[in-house]
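Coordinates as given in run-v4.cif (mmCIF, C-alpha atoms):
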```
data_target
#
loop_
_atom_site.label_atom_id
_atom_site.label_comp_id
_atom_site.auth_asym_id
_atom_site.auth_seq_id
_atom_site.Cartn_x
_atom_site.Cartn_y
_atom_site.Cartn_z
CA MET A 1 -27.10 -21.09 31.65
CA SER A 2 -30.44 -20.57 29.90
CA SER A 3 -32.34 -17.27 30.16
CA GLN A 4 -35.19 -19.16 31.86
CA THR A 5 -32.83 -20.46 34.54
CA LYS A 6 -31.35 -16.99 35.06
CA THR A 7 -34.82 -15.50 35.45
CA ARG A 8 -35.88 -18.17 37.94
CA ARG A 9 -32.72 -17.72 39.99
CA LYS A 10 -33.17 -13.92 40.03
CA THR A 11 -36.78 -14.32 41.19
CA VAL A 12 -35.99 -16.70 44.06
CA VAL A 13 -32.99 -14.64 45.20
CA GLU A 14 -35.18 -11.53 45.44
CA ALA A 15 -37.60 -13.43 47.72
CA ALA A 16 -34.86 -14.82 49.96
CA SER A 17 -32.76 -14.01 53.01
CA THR A 18 -29.03 -14.47 53.59
CA ASP A 19 -27.70 -16.64 56.42
CA ASP A 20 -24.18 -17.52 57.52
CA PHE A 21 -23.04 -21.06 58.39
CA LEU A 22 -19.83 -22.42 59.92
CA GLY A 23 -19.28 -19.21 61.80
CA GLY A 24 -19.49 -17.16 58.62
CA ARG A 25 -17.29 -19.36 56.45
CA ILE A 26 -20.12 -19.76 53.97
CA SER A 27 -23.00 -17.42 53.15
CA ILE A 28 -26.30 -18.95 52.05
CA VAL A 29 -29.28 -17.40 50.30
CA GLN A 30 -32.51 -19.26 51.07
CA PRO A 31 -36.27 -18.61 50.97
CA ARG A 32 -37.73 -16.34 53.62
CA VAL A 33 -40.75 -18.63 53.90
CA GLY A 34 -41.21 -22.36 53.43
CA HIS A 35 -38.45 -24.86 54.12
CA ARG A 36 -35.25 -23.29 55.46
CA ALA A 37 -31.95 -25.08 55.98
CA GLY A 38 -30.60 -25.12 59.54
CA SER A 39 -28.45 -27.10 61.91
CA ASP A 40 -29.48 -30.53 60.54
CA ALA A 41 -27.55 -29.83 57.34
CA VAL A 42 -24.47 -28.75 59.29
CA PHE A 43 -24.52 -31.77 61.61
CA LEU A 44 -24.96 -34.01 58.56
CA ALA A 45 -21.91 -32.52 56.86
CA SER A 46 -19.89 -32.73 60.08
CA ALA A 47 -20.33 -36.51 60.13
CA VAL A 48 -18.69 -37.05 56.73
CA PRO A 49 -14.95 -37.81 56.79
CA ALA A 50 -14.47 -36.84 53.14
CA ARG A 51 -11.00 -36.72 51.65
CA GLY A 52 -9.63 -34.73 48.74
CA GLY A 53 -10.40 -36.08 45.30
CA LYS A 54 -13.62 -37.82 46.37
CA ARG A 55 -16.95 -37.52 44.58
CA VAL A 56 -19.87 -36.56 46.84
CA LEU A 57 -23.58 -36.89 46.01
CA ASP A 58 -25.81 -34.65 48.16
CA VAL A 59 -29.36 -36.02 47.90
CA GLY A 60 -32.26 -33.77 48.80
CA ALA A 61 -29.78 -30.91 48.77
CA GLY A 62 -32.21 -28.02 49.11
CA VAL A 63 -30.24 -24.76 48.77
CA GLY A 64 -26.95 -26.68 49.02
CA VAL A 65 -25.93 -26.10 52.66
CA ALA A 66 -24.58 -29.58 53.50
CA GLY A 67 -22.55 -29.93 50.30
CA LEU A 68 -21.18 -26.40 50.56
CA CYS A 69 -20.19 -27.01 54.18
CA LEU A 70 -18.18 -29.99 52.97
CA LEU A 71 -16.57 -27.92 50.23
CA ALA A 72 -15.63 -25.21 52.74
CA CYS A 73 -13.64 -27.82 54.69
CA VAL A 74 -12.38 -30.05 51.87
CA PRO A 75 -12.17 -27.78 48.80
CA ASP A 76 -10.78 -30.40 46.40
CA ILE A 77 -13.83 -32.69 46.46
CA GLU A 78 -16.58 -32.66 43.83
CA VAL A 79 -20.19 -32.25 44.97
CA THR A 80 -23.22 -33.14 42.89
CA ALA A 81 -26.33 -31.74 44.58
CA VAL A 82 -29.64 -33.38 43.67
CA GLU A 83 -32.86 -31.49 44.42
CA ILE A 84 -36.41 -32.02 43.15
CA ASP A 85 -37.51 -28.40 43.68
CA ALA A 86 -36.37 -26.26 40.74
CA ALA A 87 -36.38 -23.01 42.74
CA LEU A 88 -34.23 -24.49 45.54
CA CYS A 89 -31.92 -26.04 42.96
CA ALA A 90 -31.47 -22.60 41.38
CA LEU A 91 -30.60 -21.18 44.80
CA ALA A 92 -28.08 -23.97 45.37
CA GLU A 93 -26.39 -22.97 42.12
CA HIS A 94 -26.41 -19.33 43.22
CA ASN A 95 -24.96 -20.25 46.63
CA ALA A 96 -22.13 -22.23 45.06
CA ALA A 97 -21.24 -19.20 42.95
CA ARG A 98 -21.40 -16.69 45.84
CA ASN A 99 -19.05 -18.90 47.88
CA GLY A 100 -16.59 -19.55 45.06
CA PHE A 101 -17.37 -23.23 44.41
CA THR A 102 -18.94 -23.12 40.95
CA ASP A 103 -16.32 -25.39 39.41
CA ARG A 104 -16.74 -28.13 42.06
CA PHE A 105 -20.47 -27.96 42.74
CA LYS A 106 -22.99 -29.34 40.22
CA PRO A 107 -26.71 -28.81 40.93
CA VAL A 108 -29.09 -31.37 39.39
CA ASN A 109 -32.85 -30.79 39.31
CA VAL A 110 -34.37 -34.27 39.27
CA ASP A 111 -36.62 -36.57 41.31
CA VAL A 112 -34.51 -39.37 42.82
CA THR A 113 -37.56 -41.68 42.75
CA GLY A 114 -37.98 -41.12 39.01
CA PRO A 115 -37.18 -43.58 36.21
CA ALA A 116 -33.60 -44.61 35.50
CA LYS A 117 -33.71 -42.87 32.12
CA ALA A 118 -34.51 -39.51 33.74
CA LEU A 119 -31.68 -39.93 36.24
CA ARG A 120 -29.26 -40.86 33.49
CA GLU A 121 -30.31 -37.93 31.32
CA ALA A 122 -29.80 -35.63 34.31
CA GLY A 123 -26.14 -36.64 34.29
CA LEU A 124 -26.08 -39.04 37.26
CA ASP A 125 -23.78 -42.04 36.86
CA ARG A 126 -24.39 -45.38 38.55
CA GLU A 127 -21.83 -46.53 41.16
CA ARG A 128 -19.83 -43.31 40.78
CA TYR A 129 -20.01 -41.55 44.15
CA ASP A 130 -17.60 -42.22 47.03
CA GLU A 131 -19.75 -40.37 49.58
CA ILE A 132 -23.52 -40.01 49.57
CA ILE A 133 -25.11 -37.62 52.05
CA ALA A 134 -28.84 -37.20 52.51
CA ASN A 135 -31.43 -35.29 54.52
CA PRO A 136 -34.64 -37.00 53.34
CA PRO A 137 -38.15 -35.74 54.08
CA PHE A 138 -38.84 -36.87 57.64
CA LEU A 139 -42.63 -37.25 57.71
CA ALA A 140 -44.71 -40.03 56.14
CA GLU A 141 -47.47 -39.07 53.75
CA GLY A 142 -50.81 -39.07 55.57
CA ALA A 143 -49.24 -38.95 59.04
CA VAL A 144 -49.51 -35.17 59.26
CA ARG A 145 -51.35 -32.40 57.45
CA ALA A 146 -49.27 -31.10 54.57
CA ALA A 147 -48.11 -27.51 54.81
CA PRO A 148 -49.94 -25.12 52.45
CA ASP A 149 -46.58 -24.06 51.01
CA ARG A 150 -45.80 -26.61 48.28
CA ALA A 151 -42.02 -26.39 48.63
CA ARG A 152 -42.20 -26.86 52.40
CA ALA A 153 -44.53 -29.85 52.01
CA THR A 154 -42.20 -31.46 49.46
CA ALA A 155 -39.20 -30.98 51.73
CA HIS A 156 -40.91 -32.43 54.81
CA ILE A 157 -43.25 -35.19 53.58
CA MET A 158 -42.07 -38.46 52.02
CA GLY A 159 -44.52 -40.07 49.61
CA ALA A 160 -45.77 -43.62 49.98
CA GLU A 161 -42.88 -46.08 49.56
CA GLY A 162 -40.66 -43.06 48.97
CA LEU A 163 -38.06 -43.90 51.60
CA ALA A 164 -37.54 -47.34 50.08
CA ALA A 165 -37.05 -45.69 46.68
CA TRP A 166 -34.46 -43.33 48.16
CA MET A 167 -32.57 -46.31 49.59
CA ARG A 168 -32.54 -48.00 46.19
CA PHE A 169 -31.20 -44.77 44.72
CA PHE A 170 -28.40 -44.65 47.32
CA ALA A 171 -27.37 -48.24 46.61
CA THR A 172 -27.47 -47.71 42.85
CA PHE A 173 -25.33 -44.59 42.76
CA ALA A 174 -22.85 -45.30 45.57
CA ALA A 175 -19.49 -46.57 44.37
CA PRO A 176 -18.41 -50.06 45.48
CA LYS A 177 -17.64 -49.72 49.21
CA GLY A 178 -19.01 -46.17 49.00
CA ARG A 179 -20.24 -44.55 52.18
CA LEU A 180 -23.76 -43.33 52.97
CA THR A 181 -24.40 -40.72 55.67
CA LEU A 182 -27.95 -39.58 56.39
CA ILE A 183 -29.84 -37.72 59.10
CA HIS A 184 -33.38 -38.61 60.13
CA ARG A 185 -35.81 -38.73 63.04
CA ALA A 186 -34.83 -41.11 65.84
CA GLU A 187 -38.19 -42.94 65.67
CA ALA A 188 -37.44 -43.95 62.07
CA LEU A 189 -34.43 -46.06 63.13
CA THR A 190 -36.13 -49.47 62.81
CA GLU A 191 -37.47 -48.68 59.33
CA LEU A 192 -34.14 -47.28 58.19
CA LEU A 193 -32.14 -50.29 59.38
CA GLY A 194 -34.56 -52.61 57.61
CA LEU A 195 -34.26 -50.71 54.33
CA LEU A 196 -30.46 -50.54 54.57
CA ASP A 197 -30.14 -54.28 55.24
CA GLY A 198 -28.56 -56.05 52.29
CA ARG A 199 -27.45 -52.76 50.74
CA PHE A 200 -25.24 -51.07 53.34
CA GLY A 201 -23.50 -52.60 56.36
CA ASP A 202 -21.23 -51.55 59.22
CA ILE A 203 -24.00 -49.11 60.18
CA ALA A 204 -23.01 -46.58 62.83
CA VAL A 205 -25.95 -45.00 64.67
CA PHE A 206 -25.09 -41.59 66.15
CA PRO A 207 -27.92 -40.06 68.24
CA LEU A 208 -28.44 -36.31 68.59
CA PHE A 209 -29.99 -35.43 71.97
CA PRO A 210 -31.83 -32.10 72.42
CA LYS A 211 -30.59 -31.80 76.03
CA LYS A 212 -28.82 -34.01 78.55
CA GLY A 213 -31.16 -36.71 79.87
CA GLU A 214 -33.69 -36.32 77.04
CA PRO A 215 -34.39 -38.91 74.31
CA ALA A 216 -32.71 -38.42 70.96
CA THR A 217 -34.83 -36.66 68.35
CA ARG A 218 -32.38 -37.05 65.45
CA ILE A 219 -30.01 -39.80 64.40
CA ILE A 220 -27.15 -39.83 61.96
CA LEU A 221 -26.68 -43.16 60.21
CA GLN A 222 -23.53 -44.05 58.34
CA GLY A 223 -22.71 -47.25 56.48
CA ARG A 224 -20.65 -48.88 53.74
CA LYS A 225 -22.11 -50.29 50.56
CA GLY A 226 -21.79 -54.07 50.47
CA SER A 227 -20.38 -54.45 53.98
CA ARG A 228 -21.60 -57.39 56.07
CA THR A 229 -20.42 -55.96 59.39
CA GLY A 230 -23.21 -55.47 61.92
CA PRO A 231 -24.52 -52.15 63.27
CA ARG A 232 -23.15 -50.26 66.29
CA LEU A 233 -24.66 -47.64 68.55
CA LEU A 234 -22.40 -44.69 69.39
CA PRO A 235 -22.54 -42.28 72.36
CA GLY A 236 -23.92 -39.41 70.32
CA LEU A 237 -24.00 -35.68 70.93
CA VAL A 238 -26.00 -33.46 73.31
CA LEU A 239 -27.02 -30.35 71.38
CA HIS A 240 -28.27 -27.88 73.99
CA GLU A 241 -27.56 -26.80 77.55
CA GLN A 242 -30.50 -26.48 79.93
CA ASN A 243 -30.72 -22.75 79.12
CA GLY A 244 -31.16 -23.54 75.42
CA SER A 245 -27.70 -22.50 74.25
CA TYR A 246 -25.61 -24.92 72.21
CA THR A 247 -23.22 -27.19 74.08
CA ALA A 248 -19.51 -26.81 73.40
CA GLY A 249 -19.54 -29.99 71.30
CA ALA A 250 -22.50 -28.87 69.22
CA GLU A 251 -21.02 -25.41 68.73
CA ALA A 252 -17.76 -27.00 67.51
CA ASP A 253 -19.80 -28.91 64.93
CA LYS A 254 -21.67 -25.80 63.84
CA ARG A 255 -18.41 -23.92 63.37
CA ARG A 256 -16.68 -27.02 62.06
CA ALA A 257 -13.35 -26.35 63.89
CA ALA A 258 -11.57 -27.73 60.79
CA ALA A 259 -11.90 -31.25 62.24
CA LEU A 260 -13.30 -32.73 59.04
CA GLY A 261 -10.50 -31.37 56.92
CA LYS A 262 -7.95 -32.99 59.24
CA GLY A 263 -9.72 -36.33 59.06
CA GLY A 264 -10.56 -36.38 62.77
CA SER A 265 -13.87 -37.01 64.45
CA PRO A 266 -16.40 -34.35 63.42
CA HIS A 267 -17.81 -34.40 66.93
CA SER A 268 -14.89 -32.81 68.82
CA ALA A 269 -11.37 -33.91 69.64
CA GLU A 270 -12.53 -35.52 72.88
CA ARG A 271 -14.85 -37.89 71.04
CA GLU A 272 -12.14 -38.53 68.47
CA GLU A 273 -9.97 -39.96 71.24
CA GLN A 274 -12.94 -42.04 72.42
CA SER A 275 -13.60 -43.24 68.83
CA SER A 276 -17.27 -42.35 69.11
CA GLY A 277 -17.80 -40.29 65.97
CA PRO A 278 -20.06 -41.93 63.39
CA HIS A 279 -17.13 -42.69 61.09
CA SER A 280 -14.56 -43.75 63.68
CA ARG A 281 -13.03 -47.18 63.26
CA ARG A 282 -13.54 -50.05 65.59
CA SER A 283 -10.65 -51.05 67.81
#
```

Could you spell out this file's structure in structure tokens?
Amino acid sequence: MSSQTKTRRKTVVEAASTDDFLGGRISIVQPRVGHRAGSDAVFLASAVPARGGKRVLDVGAGVGVAGLCLLACVPDIEVTAVEIDAALCALAEHNAARNGFTDRFKPVNVDVTGPAKALREAGLDRERYDEIIANPPFLAEGAVRAAPDRARATAHIMGAEGLAAWMRFFATFAAPKGRLTLIHRAEALTELLGLLDGRFGDIAVFPLFPKKGEPATRIILQGRKGSRTGPRLLPGLVLHEQNGSYTAGAEADKRRAAALGKGGSPHSAEREEQSSGPHSRRS
């Protein structure tokens, strides 16, 4: 590690807070201000039925929460975490070390919409990754006022044509029949399905509802590279009770309940029996 990288990591750690995920199974250092990882990263990781020996590419990794959640449940996978923000990438490296995953977690500071040469020089290999997970910026450029904090704006706002570029990146770096799992806003579903068409098939749409009876605000999409099977809409998950507390199903996801490591549905044993998790097979 270069002295410049060590200095940058020391600086961002000093300006950060420490938060526990998965009921304390992993401890994450992240900025006190600006973009902060939360439940989206955990629900994203919970949807991935990774197996030992697989190569995972975490795109838009931030401080590494989603990839480290996966490693906490399936320790013998390899995670490559791609992040455009150098300070967040340094924190992701720090978080891998503090949780004991340095040898299986590789942070890469690069722009996924950049030229192929830059991606190659960063150490990314085409058609290499069995699982790709992503939490892209949700908001379109020009649709909202950008936050004054640069890092927060970068994490939340997708540049013009940026989502299409991310989809090309996913298709380029996913292994043949590799799986993509991403989380996004529910209102982006039509655009996402259009961009995935011809690249990924067998798309499972798993809605996340804020409370019972309310429209979904998040969706998890999961598909296979090259598949021609059509999409399917799954029952989804209600996140909060009327009093604002997490539902039992959402709490199980947040704490993981070791379901992913056993290969079951990440959205509780009950939904596993109903085959409604985003990666469950059709009957």

- Message: Evaluated on this file, the PyMOL selection byres ((chain A and resi 232-240) around 6) picks out some residues - which ones are they, written as a PyMOL selection string?
- Response: chain A and resi 204-212+231+241+244-247+250+276

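Ranking A:Val82, A:Ala248, A:Leu180, A:Arg185 by their shortest atom-to-atom distance to Ser227 (chain A), with only C-alpha atoms included, puts A:Leu180 first.
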
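Across the model, the gap from CA of Arg168 (chain A) to CA of Arg128 (chain A) is 14.6 Å.
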
- Do you have the CA of Glu131 (chain A)-CA of Ala116 (chain A) distance handy? 20.2 Å

- Query: Given the file above and the PyMOL selection byres ((chain A and resi 84) around 8), which residues are selected, and can you give them as a PyMOL selection string?
  - Reply: chain A and resi 60+82-83+85-86+89+109-112

- Could you tell me which residues the PyMOL selection byres ((chain A and resi 71) around 12) returns for this structure, as a PyMOL selection string? chain A and resi 22+25-26+45-46+48-56+58+64-70+72-81+95-96+99-106+256+258+260-261

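Between CA of Val33 (chain A) and CA of Asp20 (chain A) the interatomic distance comes to 17.0 Å.
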
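Remark: for Arg120 (chain A), the closest of the candidate residues A:Thr172, A:Ala165, A:Ile220, A:Gly226 is A:Thr172 (distances computed over only C-alpha atoms).
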